>>> print(open('entry08.cif').read())   # mmCIF, C-alpha atoms and all ligand atoms
data_final
loop_
_atom_site.label_atom_id
_atom_site.label_comp_id
_atom_site.auth_asym_id
_atom_site.auth_seq_id
_atom_site.Cartn_x
_atom_site.Cartn_y
_atom_site.Cartn_z
CA MET A 499 4.67 -44.77 -22.20
CA THR A 500 3.32 -42.34 -19.56
CA GLN A 501 3.16 -38.72 -20.62
CA ARG A 502 5.49 -36.28 -18.84
CA LYS A 503 3.79 -33.79 -16.48
CA ARG A 504 3.05 -30.56 -18.40
CA ILE A 505 3.82 -27.50 -16.32
CA ALA A 506 3.16 -23.89 -17.33
CA LEU A 507 4.80 -21.05 -15.45
CA VAL A 508 3.31 -17.60 -15.92
CA GLY A 509 5.70 -14.75 -15.04
CA GLY A 510 9.43 -14.66 -15.71
CA GLY A 511 10.58 -12.45 -12.81
CA ILE A 512 12.82 -13.84 -10.11
CA VAL A 513 10.23 -16.31 -8.77
CA GLY A 514 9.11 -17.72 -12.13
CA ALA A 515 12.64 -17.84 -13.57
CA THR A 516 14.05 -19.68 -10.54
CA ALA A 517 11.16 -22.16 -10.49
CA ALA A 518 11.64 -22.71 -14.26
CA PHE A 519 15.37 -23.31 -13.75
CA TYR A 520 14.87 -25.99 -11.09
CA LEU A 521 11.82 -27.63 -12.70
CA SER A 522 13.58 -27.85 -16.07
CA GLN A 523 16.17 -30.12 -14.45
CA LYS A 524 13.47 -32.75 -13.80
CA ASN A 525 11.56 -34.99 -16.12
CA TYR A 526 8.74 -32.51 -16.86
CA GLU A 527 7.61 -30.61 -19.93
CA VAL A 528 8.02 -27.02 -18.73
CA THR A 529 6.84 -23.83 -20.49
CA LEU A 530 7.32 -20.24 -19.31
CA TYR A 531 5.13 -17.32 -20.45
CA ASP A 532 6.28 -13.83 -19.55
CA ASP A 533 4.86 -10.47 -20.53
CA GLY A 534 7.70 -8.55 -18.88
CA VAL A 535 5.98 -5.13 -18.79
CA GLY A 536 6.49 -3.46 -15.40
CA GLN A 537 8.45 -6.42 -14.06
CA ALA A 538 9.78 -5.65 -10.55
CA THR A 539 12.79 -7.96 -10.89
CA SER A 540 14.39 -6.16 -13.83
CA ALA A 541 13.68 -2.73 -12.29
CA ALA A 542 14.99 -3.63 -8.82
CA ALA A 543 17.89 -1.95 -7.07
CA GLY A 544 19.56 -5.21 -6.08
CA ILE A 545 20.25 -5.06 -2.33
CA ILE A 546 20.48 -8.32 -0.41
CA CYS A 547 20.77 -7.40 3.27
CA PRO A 548 17.71 -8.46 5.31
CA TRP A 549 19.50 -8.82 8.68
CA LEU A 550 19.77 -5.09 9.34
CA SER A 551 16.09 -4.43 8.73
CA GLN A 552 14.00 -3.22 11.72
CA ARG A 553 10.98 -5.18 10.54
CA ARG A 554 9.59 -7.28 13.39
CA ASN A 555 7.58 -9.91 11.46
CA LYS A 556 9.28 -13.24 12.31
CA GLU A 557 8.05 -15.18 9.27
CA TRP A 558 9.20 -12.40 6.98
CA TYR A 559 12.64 -12.35 8.61
CA GLN A 560 12.97 -16.14 8.40
CA LEU A 561 12.10 -16.09 4.69
CA ALA A 562 14.32 -13.12 3.85
CA SER A 563 17.34 -14.32 5.83
CA LYS A 564 17.04 -17.87 4.42
CA GLY A 565 16.55 -16.28 1.00
CA ALA A 566 19.80 -14.33 1.35
CA ALA A 567 21.56 -17.48 2.55
CA PHE A 568 20.24 -19.38 -0.50
CA TYR A 569 22.09 -17.17 -3.02
CA PRO A 570 25.50 -18.94 -2.80
CA GLN A 571 23.75 -22.26 -3.57
CA LEU A 572 21.91 -20.69 -6.51
CA MET A 573 25.16 -19.25 -7.90
CA ASP A 574 26.78 -22.65 -7.53
CA ASP A 575 23.85 -24.37 -9.28
CA LEU A 576 24.22 -21.82 -12.11
CA GLY A 577 27.98 -22.39 -12.36
CA GLU A 578 28.66 -18.73 -11.43
CA SER A 579 31.70 -17.60 -9.45
CA LEU A 580 30.93 -16.40 -5.92
CA THR A 581 33.78 -13.92 -5.89
CA HIS A 582 33.78 -12.48 -9.43
CA SER A 583 30.33 -12.30 -10.93
CA ASP A 584 28.44 -9.44 -12.55
CA ILE A 585 25.24 -11.17 -11.40
CA TYR A 586 25.73 -11.49 -7.63
CA GLN A 587 28.51 -10.56 -5.28
CA GLN A 588 28.91 -10.24 -1.52
CA VAL A 589 30.45 -6.79 -1.39
CA GLY A 590 29.16 -5.87 2.10
CA ALA A 591 26.50 -3.33 3.06
CA LEU A 592 26.72 -0.12 5.09
CA VAL A 593 23.58 0.91 6.98
CA PHE A 594 23.14 4.45 8.33
CA LYS A 595 20.79 5.66 11.07
CA LYS A 596 19.71 9.14 12.23
CA ASN A 597 22.04 9.06 15.25
CA LEU A 598 24.70 6.95 16.95
CA GLY A 599 22.22 5.71 19.58
CA LEU A 600 20.02 4.14 16.92
CA LEU A 601 23.05 2.72 15.14
CA LYS A 602 24.24 1.02 18.35
CA LYS A 603 20.73 -0.38 18.88
CA LEU A 604 20.84 -1.81 15.37
CA GLU A 605 24.27 -3.32 16.03
CA LYS A 606 22.84 -5.09 19.09
CA THR A 607 19.98 -6.55 17.02
CA ALA A 608 22.43 -7.61 14.31
CA LEU A 609 24.77 -9.30 16.81
CA LYS A 610 21.82 -11.27 18.17
CA ARG A 611 20.80 -12.28 14.64
CA LEU A 612 24.39 -13.31 13.88
CA GLU A 613 23.96 -16.17 16.38
CA THR A 614 21.56 -17.89 13.98
CA ALA A 615 22.65 -16.35 10.64
CA SER A 616 26.41 -16.63 10.16
CA GLU A 617 25.94 -15.35 6.58
CA ILE A 618 25.72 -11.80 8.02
CA GLY A 619 29.52 -12.10 8.10
CA GLU A 620 31.68 -9.59 9.90
CA LEU A 621 29.83 -6.77 11.73
CA ALA A 622 31.52 -3.48 12.55
CA LEU A 623 30.63 0.14 13.38
CA LEU A 624 32.70 2.19 10.94
CA SER A 625 33.85 5.82 11.30
CA PRO A 626 33.45 8.26 8.37
CA LYS A 627 37.14 7.71 7.52
CA GLU A 628 36.72 3.92 7.48
CA ILE A 629 33.60 4.28 5.32
CA LYS A 630 35.50 6.43 2.83
CA ALA A 631 38.21 3.76 2.61
CA LYS A 632 35.55 1.26 1.45
CA PHE A 633 33.43 3.70 -0.58
CA PRO A 634 35.63 6.55 -1.87
CA LEU A 635 32.68 8.76 -2.96
CA TYR A 636 31.59 9.16 0.69
CA ASP A 637 31.93 12.58 2.29
CA SER A 638 29.80 13.00 5.40
CA GLU A 639 30.20 12.97 9.19
CA ASP A 640 28.02 9.95 9.94
CA SER A 641 29.17 6.51 11.06
CA ALA A 642 27.55 3.32 9.72
CA LEU A 643 27.11 -0.35 10.54
CA PHE A 644 28.94 -2.65 8.11
CA ALA A 645 27.87 -6.24 7.41
CA SER A 646 30.32 -8.08 5.16
CA GLY A 647 27.67 -10.62 4.05
CA GLY A 648 25.54 -7.90 2.40
CA ALA A 649 25.36 -8.37 -1.36
CA ARG A 650 24.21 -6.82 -4.60
CA VAL A 651 22.43 -8.65 -7.39
CA ASP A 652 21.52 -7.66 -10.94
CA GLY A 653 17.95 -8.96 -11.29
CA SER A 654 17.93 -8.77 -15.11
CA LEU A 655 21.19 -10.66 -15.54
CA LEU A 656 20.10 -13.26 -13.02
CA THR A 657 16.74 -14.03 -14.64
CA GLU A 658 18.38 -14.04 -18.09
CA LYS A 659 20.89 -16.65 -16.93
CA LEU A 660 18.23 -18.76 -15.17
CA ILE A 661 16.00 -18.77 -18.25
CA THR A 662 18.85 -19.43 -20.69
CA GLN A 663 20.03 -22.42 -18.66
CA ALA A 664 16.45 -23.69 -18.32
CA GLN A 665 16.06 -23.38 -22.12
CA SER A 666 19.14 -25.53 -22.58
CA ASN A 667 17.32 -28.14 -20.43
CA GLY A 668 14.30 -27.96 -22.78
CA LEU A 669 12.22 -25.11 -21.31
CA GLY A 670 9.73 -23.62 -23.79
CA TYR A 671 9.76 -19.83 -23.52
CA TYR A 672 7.16 -17.37 -24.82
CA SER A 673 7.43 -13.65 -24.37
CA GLU A 674 3.71 -12.84 -24.20
CA LYS A 675 0.83 -11.95 -21.94
CA VAL A 676 -1.59 -14.81 -21.24
CA THR A 677 -4.89 -15.52 -19.51
CA LEU A 678 -5.97 -18.59 -17.56
CA SER A 679 -9.04 -20.79 -17.40
CA SER A 680 -9.74 -24.14 -15.76
CA THR A 681 -11.44 -27.24 -17.19
CA ASN A 682 -13.90 -29.59 -15.44
CA SER A 683 -11.18 -32.22 -15.16
CA SER A 684 -8.91 -30.06 -12.97
CA GLU A 685 -6.64 -29.08 -15.82
CA TYR A 686 -5.78 -25.53 -16.76
CA VAL A 687 -5.74 -23.74 -20.07
CA ILE A 688 -3.26 -20.99 -20.90
CA HIS A 689 -4.56 -18.67 -23.62
CA THR A 690 -2.24 -16.53 -25.72
CA LYS A 691 -3.40 -14.25 -28.57
CA THR A 692 -2.98 -17.10 -31.03
CA HIS A 693 -3.46 -20.39 -29.22
CA ALA A 694 -4.68 -22.20 -26.13
CA LYS A 695 -2.82 -25.04 -24.45
CA THR A 696 -3.82 -27.36 -21.61
CA TYR A 697 -1.53 -28.08 -18.65
CA ASP A 698 -1.69 -30.42 -15.63
CA THR A 699 0.06 -27.92 -13.40
CA VAL A 700 0.27 -24.13 -13.52
CA VAL A 701 2.41 -21.74 -11.48
CA LEU A 702 1.36 -18.09 -11.36
CA ALA A 703 4.49 -16.07 -10.52
CA VAL A 704 3.02 -12.82 -11.80
CA GLY A 705 3.81 -10.46 -8.90
CA ALA A 706 1.44 -7.48 -8.82
CA TRP A 707 -0.71 -8.84 -11.67
CA LEU A 708 -2.15 -11.83 -9.75
CA PRO A 709 -5.60 -10.22 -9.15
CA GLU A 710 -6.31 -9.84 -12.90
CA LEU A 711 -5.20 -13.40 -13.67
CA LEU A 712 -7.35 -14.99 -10.96
CA ALA A 713 -10.48 -12.81 -11.35
CA PRO A 714 -11.86 -15.00 -14.23
CA LEU A 715 -11.78 -17.99 -11.82
CA GLY A 716 -13.97 -16.02 -9.40
CA LEU A 717 -11.10 -15.36 -6.99
CA ASN A 718 -10.32 -12.16 -5.16
CA VAL A 719 -6.65 -11.48 -4.34
CA ASP A 720 -5.37 -9.21 -1.58
CA ILE A 721 -2.57 -7.61 -3.62
CA ARG A 722 -1.98 -3.96 -4.41
CA PRO A 723 0.64 -2.52 -6.75
CA GLN A 724 3.31 -0.02 -5.71
CA LYS A 725 5.35 1.98 -8.18
CA GLY A 726 9.15 2.07 -7.74
CA GLN A 727 11.59 4.22 -9.72
CA LEU A 728 15.35 4.43 -9.72
CA ILE A 729 18.21 6.03 -11.62
CA GLN A 730 21.04 4.19 -13.33
CA LEU A 731 24.32 6.11 -13.58
CA HIS A 732 27.78 5.55 -15.03
CA LEU A 733 30.99 6.58 -13.33
CA GLN A 734 34.54 6.29 -14.64
CA GLU A 735 35.56 4.10 -11.67
CA GLU A 736 36.14 0.42 -10.99
CA MET A 737 33.52 -0.20 -8.29
CA SER A 738 32.97 -3.95 -8.44
CA ASN A 739 34.11 -4.42 -4.80
CA TRP A 740 32.50 -1.32 -3.30
CA PRO A 741 29.78 -1.96 -0.69
CA VAL A 742 26.10 -1.17 -0.95
CA ILE A 743 25.17 2.10 0.82
CA MET A 744 21.85 2.17 2.71
CA PRO A 745 21.21 5.63 4.20
CA ASP A 746 18.12 6.39 6.26
CA GLY A 747 15.35 6.95 3.68
CA GLU A 748 14.90 5.94 0.05
CA LYS A 749 18.14 6.83 -1.69
CA ASP A 750 20.20 3.64 -1.50
CA ILE A 751 23.39 3.60 -3.58
CA ILE A 752 24.38 0.33 -5.22
CA PRO A 753 27.68 0.12 -7.12
CA PHE A 754 28.10 -2.64 -9.73
CA ALA A 755 30.93 -3.74 -12.01
CA ASN A 756 31.86 -1.79 -15.16
CA GLY A 757 31.14 1.67 -13.69
CA LYS A 758 27.40 1.06 -13.23
CA ILE A 759 25.85 2.63 -10.13
CA ILE A 760 22.19 2.68 -9.05
CA VAL A 761 20.44 5.29 -6.92
CA GLY A 762 16.98 4.38 -5.69
CA ALA A 763 14.28 3.52 -5.20
CA THR A 764 10.98 5.33 -4.63
CA HIS A 765 7.98 3.65 -2.92
CA GLU A 766 4.86 5.21 -4.48
CA ASN A 767 1.62 3.70 -3.26
CA ASP A 768 -0.44 6.15 -5.29
CA GLY A 769 1.56 5.24 -8.44
CA GLY A 770 -0.04 1.81 -8.84
CA TYR A 771 0.75 0.20 -12.20
CA ASP A 772 1.88 3.50 -13.78
CA LEU A 773 5.31 3.17 -15.42
CA THR A 774 5.93 6.82 -16.34
CA PRO A 775 9.16 8.21 -14.86
CA THR A 776 8.66 11.38 -12.82
CA THR A 777 11.69 13.67 -13.03
CA GLU A 778 10.96 15.56 -9.79
CA LYS A 779 11.08 12.48 -7.57
CA LEU A 780 14.19 11.11 -9.30
CA GLU A 781 16.05 14.43 -9.10
CA LEU A 782 15.30 14.72 -5.40
CA MET A 783 16.61 11.23 -4.75
CA LEU A 784 19.78 11.96 -6.71
CA GLU A 785 20.34 15.24 -4.82
CA GLU A 786 20.05 13.40 -1.50
CA ALA A 787 22.51 10.77 -2.66
CA ILE A 788 24.95 13.49 -3.81
CA ASP A 789 24.74 15.02 -0.31
CA ILE A 790 26.45 11.98 1.17
CA ALA A 791 28.47 10.96 -1.91
CA PRO A 792 29.43 14.19 -3.72
CA GLY A 793 31.48 12.23 -6.28
CA LEU A 794 28.17 11.18 -7.84
CA LYS A 795 28.02 14.68 -9.40
CA ASN A 796 30.50 13.40 -12.00
CA ALA A 797 28.29 10.49 -12.99
CA THR A 798 26.33 10.34 -16.25
CA ILE A 799 22.68 9.28 -16.11
CA THR A 800 22.36 6.22 -18.35
CA GLY A 801 18.81 5.17 -17.62
CA ILE A 802 15.69 5.23 -15.51
CA ARG A 803 13.97 2.06 -14.39
CA VAL A 804 10.36 1.84 -13.25
CA GLY A 805 8.74 -1.32 -11.88
CA THR A 806 5.72 -2.49 -9.90
CA ARG A 807 6.06 -4.13 -6.48
CA ALA A 808 3.30 -6.37 -5.09
CA TYR A 809 2.07 -5.89 -1.52
CA THR A 810 -0.53 -7.67 0.60
CA SER A 811 -2.52 -5.58 3.10
CA ASP A 812 -0.33 -6.85 5.99
CA PHE A 813 2.91 -6.69 3.92
CA ALA A 814 3.48 -10.46 4.22
CA PRO A 815 4.34 -12.63 1.19
CA PHE A 816 2.52 -15.89 0.40
CA PHE A 817 3.18 -18.95 -1.74
CA GLY A 818 1.79 -22.46 -2.27
CA VAL A 819 -1.32 -24.03 -3.79
CA VAL A 820 -4.40 -21.91 -4.61
CA PRO A 821 -7.25 -23.12 -2.31
CA GLU A 822 -9.71 -25.44 -4.10
CA TYR A 823 -7.58 -25.45 -7.27
CA PRO A 824 -5.37 -28.55 -7.17
CA ASN A 825 -2.11 -28.17 -9.09
CA LEU A 826 -2.51 -24.41 -9.38
CA PHE A 827 0.35 -22.76 -7.49
CA THR A 828 1.27 -19.18 -6.88
CA ALA A 829 3.55 -16.75 -5.04
CA SER A 830 3.10 -13.02 -4.59
CA GLY A 831 3.31 -10.14 -2.13
CA LEU A 832 7.11 -10.10 -2.06
CA GLY A 833 7.09 -6.31 -1.60
CA SER A 834 10.44 -4.55 -1.44
CA SER A 835 12.49 -7.62 -0.50
CA GLY A 836 11.59 -9.98 -3.34
CA LEU A 837 15.00 -10.11 -4.92
CA THR A 838 16.16 -11.42 -1.54
CA SER A 839 13.41 -14.00 -0.94
CA GLY A 840 12.39 -14.70 -4.59
CA PRO A 841 14.98 -17.36 -5.50
CA LEU A 842 14.19 -19.40 -2.37
CA ILE A 843 10.44 -19.10 -3.07
CA GLY A 844 10.99 -20.23 -6.69
CA HIS A 845 13.05 -23.16 -5.38
CA MET A 846 10.31 -24.09 -2.90
CA LEU A 847 7.63 -23.97 -5.62
CA SER A 848 9.69 -26.51 -7.57
CA GLN A 849 10.00 -28.64 -4.39
CA ILE A 850 6.21 -28.57 -3.81
CA ILE A 851 5.48 -29.60 -7.41
CA SER A 852 8.03 -32.42 -7.20
CA GLY A 853 6.60 -33.68 -3.90
CA GLU A 854 9.77 -32.84 -1.95
CA ALA A 855 10.04 -31.35 1.55
CA THR A 856 10.25 -27.55 1.38
CA ASP A 857 13.09 -25.42 2.77
CA LEU A 858 10.59 -23.62 5.06
CA PRO A 859 7.13 -24.57 6.41
CA LEU A 860 4.43 -23.50 3.95
CA SER A 861 1.96 -22.88 6.80
CA ASN A 862 3.85 -19.66 7.67
CA TYR A 863 3.02 -18.16 4.25
CA PRO A 864 -0.63 -19.20 3.77
CA VAL A 865 -2.14 -18.49 0.36
CA GLU A 866 -5.68 -18.84 1.76
CA HIS A 867 -5.31 -15.64 3.79
CA TYR A 868 -4.90 -13.62 0.61
CA ILE A 869 -6.92 -15.45 -2.07
CA LYS A 870 -10.64 -15.87 -1.49
CA LYS A 871 -13.72 -16.77 -3.53
CA ILE A 872 -15.66 -13.72 -4.69
CA ARG A 873 -19.05 -13.91 -2.94
CA THR A 874 -21.96 -13.58 -5.32
C1 LIG A 901 12.34 -0.13 -8.03
C2 LIG A 901 12.41 -1.41 -7.26
C3 LIG A 901 13.52 -1.65 -6.44
C4 LIG A 901 13.61 -2.86 -5.73
N1 LIG A 901 14.75 -3.13 -5.02
C5 LIG A 901 14.87 -4.31 -4.36
C6 LIG A 901 16.07 -4.63 -3.66
O1 LIG A 901 17.03 -3.85 -3.66
N2 LIG A 901 16.14 -5.81 -2.98
C7 LIG A 901 15.10 -6.71 -2.97
O2 LIG A 901 15.23 -7.76 -2.34
N3 LIG A 901 13.97 -6.45 -3.66
C8 LIG A 901 13.82 -5.28 -4.33
N4 LIG A 901 12.67 -4.99 -5.02
C9 LIG A 901 11.55 -5.93 -4.94
C10 LIG A 901 11.70 -7.07 -5.93
O3 LIG A 901 12.14 -6.57 -7.16
C11 LIG A 901 10.36 -7.81 -6.13
O4 LIG A 901 9.77 -8.12 -4.88
C12 LIG A 901 10.56 -9.12 -6.90
O5 LIG A 901 11.36 -8.89 -8.02
C13 LIG A 901 9.21 -9.71 -7.30
O6 LIG A 901 9.46 -10.81 -8.14
P1 LIG A 901 8.25 -11.60 -8.81
O7 LIG A 901 8.87 -12.67 -9.62
O8 LIG A 901 7.25 -11.97 -7.74
O9 LIG A 901 7.49 -10.53 -9.71
P2 LIG A 901 7.99 -9.70 -10.98
O10 LIG A 901 9.45 -9.55 -10.99
O11 LIG A 901 7.16 -8.48 -11.05
O12 LIG A 901 7.64 -10.67 -12.20
C14 LIG A 901 6.30 -10.90 -12.58
C15 LIG A 901 6.30 -11.14 -14.07
O13 LIG A 901 5.03 -11.65 -14.47
C16 LIG A 901 4.68 -11.05 -15.72
N5 LIG A 901 3.23 -11.16 -15.92
C17 LIG A 901 2.24 -10.57 -15.20
N6 LIG A 901 1.04 -10.90 -15.73
C18 LIG A 901 1.28 -11.74 -16.78
C19 LIG A 901 0.45 -12.40 -17.71
N7 LIG A 901 -0.89 -12.30 -17.66
N8 LIG A 901 1.03 -13.15 -18.68
C20 LIG A 901 2.39 -13.28 -18.75
N9 LIG A 901 3.23 -12.65 -17.87
C21 LIG A 901 2.68 -11.89 -16.90
C22 LIG A 901 5.14 -9.62 -15.53
O14 LIG A 901 5.20 -8.96 -16.78
C23 LIG A 901 6.49 -9.85 -14.89
O15 LIG A 901 7.50 -10.03 -15.87
C24 LIG A 901 12.55 -3.80 -5.78
C25 LIG A 901 11.44 -3.55 -6.59
C26 LIG A 901 11.37 -2.37 -7.33
C27 LIG A 901 10.19 -2.13 -8.22
#
>>> encode(input="entry08.cif", output="structure tokens", more="lines below")
Ligand SMILES: Cc1cc2nc3c(=O)[nH]c(=O)nc-3n(C[C@H](O)[C@H](O)[C@H](O)COP(=O)(O)OP(=O)(O)OC[C@H]3O[C@@H](n4cnc5c(N)ncnc54)[C@H](O)[C@@H]3O)c2cc1C
Amino acid sequence: MTQRKRIALVGGGIVGATAAFYLSQKNYEVTLYDDGVGQATSAAAGIICPWLSQRRNKEWYQLASKGAAFYPQLMDDLGESLTHSDIYQQVGALVFKKNLGLLKKLEKTALKRLETASEIGELALLSPKEIKAKFPLYDSEDSALFASGGARVDGSLLTEKLITQAQSNGLGYYSEKVTLSSTNSSEYVIHTKTHAKTYDTVVLAVGAWLPELLAPLGLNVDIRPQKGQLIQLHLQEEMSNWPVIMPDGEKDIIPFANGKIIVGATHENDGGYDLTPTTEKLELMLEEAIDIAPGLKNATITGIRVGTRAYTSDFAPFFGVVPEYPNLFTASGLGSSGLTSGPLIGHMLSQIISGEATDLPLSNYPVEHYIKKIRT
């Protein structure tokens, strides 16, 4: 009898959890190791709305828009309702700009994008009164662009569901930090505090921690960490159908079911891997959110979340095989849109490992640009 392929996934954020979910449905022996400390996925705000971004990078847009479009399939594969789920729901998104001229310019871009991305849904410029009808906490004079396909996702609930379902398909799951080494016969060894195990295939879905995992193999990785903080509030309101609010600046407002509402997030390049909440920054963000949604004054703060985003020097994500290391795969550099693109990337990693055609061309997200041999 031939032995099943042994696959280790390192990192249980959105990329690793999605890859584990799809790989566990095949005839492989799959194991997931996740430290969890600083994880971006469980700290994330949860906005899925790439079409109204002003970013010009075509490959990024293709990945993020396809990633957003992939969510309904993922929910279906998980057996989740598309209309009533605490995990993911298309509640619409409202984007604000400094003035009406810029808002109209954005509408033009969005209408053009609608031609190739029907998942944007209905697009409309809404008056303050119309905004208030959708988001009752709103009290400001600005108009906004509404996209009905905008969605919110709870990263923690999503990864929990993906991992639980993968476990029911036989996934082995270890909540611990590991290191990696390679053998002469192109196999890889995962080392925990207590044991070492050899695998044929390894996937490193470790976000901002990829440089430290690959350094022992003599590889240098173009990834830097960025600290992100947000505030979790509770309001005595039923908000499960309220849209996501994206004002100009950092203070997005994301309502969830059961009275949960998020305000965030910061983008702190000098924060690196630090996970200490800083009251000043959080208070400022909350004040700015209260300026446009005064009803937030009545909310109770229920938590603060801090996570680490991973950025490459040109802000582009990458995924695929690590050069010169057959059967060693990775994905990183998802930046501030990884909840949007992460599930599709996890799905594509499972396609690559299974020898299937990928949803997008890998050559647009080349690993070799970001991972290089350290010259001695
Ligand atoms: C505050 C904040 C708000 C955000 N908001 C949004 C948003 O609204 N929309 C959006 O699309 N994106 C958002 N993002 C970005 C998004 O969260 C990330 O891009 C995405 O979650 C990255 O997923 P990942 O799986 O690559 O990495 P991560 O989620 O960081 O997962 C990596 C995992 O690997 C583990 N790990 C690392 N090293 C090891 C090791 N040696 N052994 C074992 N495990 C290890 C880590 O502990 C972690 O659990 C936000 C991020 C932050 C921080």
>>> closest_residue(input="entry08.cif", among="A:Leu794, A:Ala538, A:Leu600, A:Ala615", to="ligand LIG 901 (chain A)", atoms="only C-alpha atoms and all ligand atoms")
A:Ala538
>>> atom_distance(input="entry08.cif", atom1="CA of Asp746 in chain A", atom2="CA of Phe594 in chain A")
5.8 Å
>>> closest_atom_pairs(input="entry08.cif", of="chain A", to="ligand LIG 901 (chain A)", cutoff="6 Å", atoms="all atoms listed in the file", output="tab-separated table")
residue	atom	partner	partner_atom	distance
A:Val508	CA	A:LIG901	C20	5.2
A:Gly509	CA	A:LIG901	O13	3.2
A:Gly510	CA	A:LIG901	C15	5.0
A:Gly511	CA	A:LIG901	O12	3.5
A:Ile512	CA	A:LIG901	O7	4.1
A:Val513	CA	A:LIG901	O7	4.0
A:Gly514	CA	A:LIG901	O7	5.6
A:Tyr531	CA	A:LIG901	C20	5.2
A:Asp532	CA	A:LIG901	N9	3.7
A:Asp533	CA	A:LIG901	N9	3.8
A:Gly534	CA	A:LIG901	O14	3.3
A:Val535	CA	A:LIG901	O14	4.4
A:Gly536	CA	A:LIG901	O14	5.8
A:Gln537	CA	A:LIG901	O11	3.9
A:Ala538	CA	A:LIG901	O11	3.9
A:Thr539	CA	A:LIG901	O5	3.3
A:Ala541	CA	A:LIG901	C1	5.2
A:Ala542	CA	A:LIG901	C3	3.4
A:Ala543	CA	A:LIG901	N1	3.9
A:Gly544	CA	A:LIG901	O1	3.8
A:Ile545	CA	A:LIG901	O1	3.7
A:Ile546	CA	A:LIG901	O2	5.6
A:Glu674	CA	A:LIG901	C20	5.6
A:Lys675	CA	A:LIG901	N8	3.5
A:Val676	CA	A:LIG901	N8	4.0
A:Thr677	CA	A:LIG901	N7	5.5
A:Ala703	CA	A:LIG901	O7	5.6
A:Val704	CA	A:LIG901	O13	3.5
A:Gly705	CA	A:LIG901	O9	3.8
A:Trp707	CA	A:LIG901	N6	4.9
A:Leu711	CA	A:LIG901	N7	6.0
A:Gly726	CA	A:LIG901	C1	3.9
A:Gln727	CA	A:LIG901	C1	4.7
A:Leu728	CA	A:LIG901	C1	5.7
A:Ala763	CA	A:LIG901	C1	5.0
A:Val804	CA	A:LIG901	C1	5.9
A:Gly805	CA	A:LIG901	C27	4.0
A:Thr806	CA	A:LIG901	C27	4.8
A:Arg807	CA	A:LIG901	C27	4.9
A:Ser830	CA	A:LIG901	O8	5.3
A:Leu832	CA	A:LIG901	O4	4.4
A:Gly833	CA	A:LIG901	O4	4.6
A:Ser834	CA	A:LIG901	C9	3.9
A:Ser835	CA	A:LIG901	O2	3.3
A:Gly836	CA	A:LIG901	O4	3.0
A:Leu837	CA	A:LIG901	O2	3.5
A:Thr838	CA	A:LIG901	O2	3.9
>>> closest_residue(input="entry08.cif", among="A:Tyr672, A:Tyr771, A:Tyr520, A:Trp740", to="Ile688 in chain A", atoms="only C-alpha atoms")
A:Tyr672
>>> closest_atom_pairs(input="entry08.cif", of="range 716-791 of chain A", to="range 650-658 of chain A", cutoff="8 Å", atoms="only C-alpha atoms", output="tab-separated table")
residue	atom	partner	partner_atom	distance
A:Val742	CA	A:Arg650	CA	7.0
A:Ile752	CA	A:Arg650	CA	7.2
A:Phe754	CA	A:Arg650	CA	7.7
>>> residues_around(input="entry08.cif", residues="Thr681 in chain A", least_positions_apart="3", cutoff="12 Å", atoms="all atoms listed in the file", output="PyMOL selection string")
chain A and resi 678+684-688+695-698+715+823-824
>>> atom_distance(input="entry08.cif", atom1="CA of Glu617 in chain A", atom2="CA of Gly818 in chain A")
26.7 Å
>>> residues_around(input="entry08.cif", residues="Pro821 in chain A", least_positions_apart="4", cutoff="10 Å", atoms="only C-alpha atoms", output="NGL selection string")
:A and (717 or 825-827 or 864-867 or 869-871)
>>> atom_distance(input="entry08.cif", atom1="CA of Ile760 in chain A", atom2="CA of Gln730 in chain A")
4.7 Å
>>> residues_around(input="entry08.cif", residues="range 621-631 of chain A", least_positions_apart="3", cutoff="6 Å", atoms="all atoms listed in the file", output="ChimeraX atom specification")
/A:634,636,639-645
>>> closest_residue(input="entry08.cif", among="A:Leu773, A:Ala797, A:Leu576, A:Ala787", to="Glu735 in chain A", atoms="all atoms listed in the file")
A:Ala797
>>> closest_residue(input="entry08.cif", among="A:Gln587, A:Ser852, A:Ser616, A:Thr662", to="Thr516 in chain A", atoms="all atoms listed in the file")
A:Thr662
>>> closest_residue(input="entry08.cif", among="A:Ala517, A:Leu530, A:Leu733, A:Leu601", to="Ile799 in chain A", atoms="only C-alpha atoms")
A:Leu733
>>> residues_around(input="entry08.cif", residues="Tyr526 in chain A", least_positions_apart="2", cutoff="7 Å", atoms="all atoms listed in the file", output="ChimeraX atom specification")
/A:502-504,522,524,528
>>> closest_residue(input="entry08.cif", among="A:Ala567, A:Ala518, A:Met744, A:Val700", to="Ser848 in chain A", atoms="all atoms listed in the file")
A:Ala518
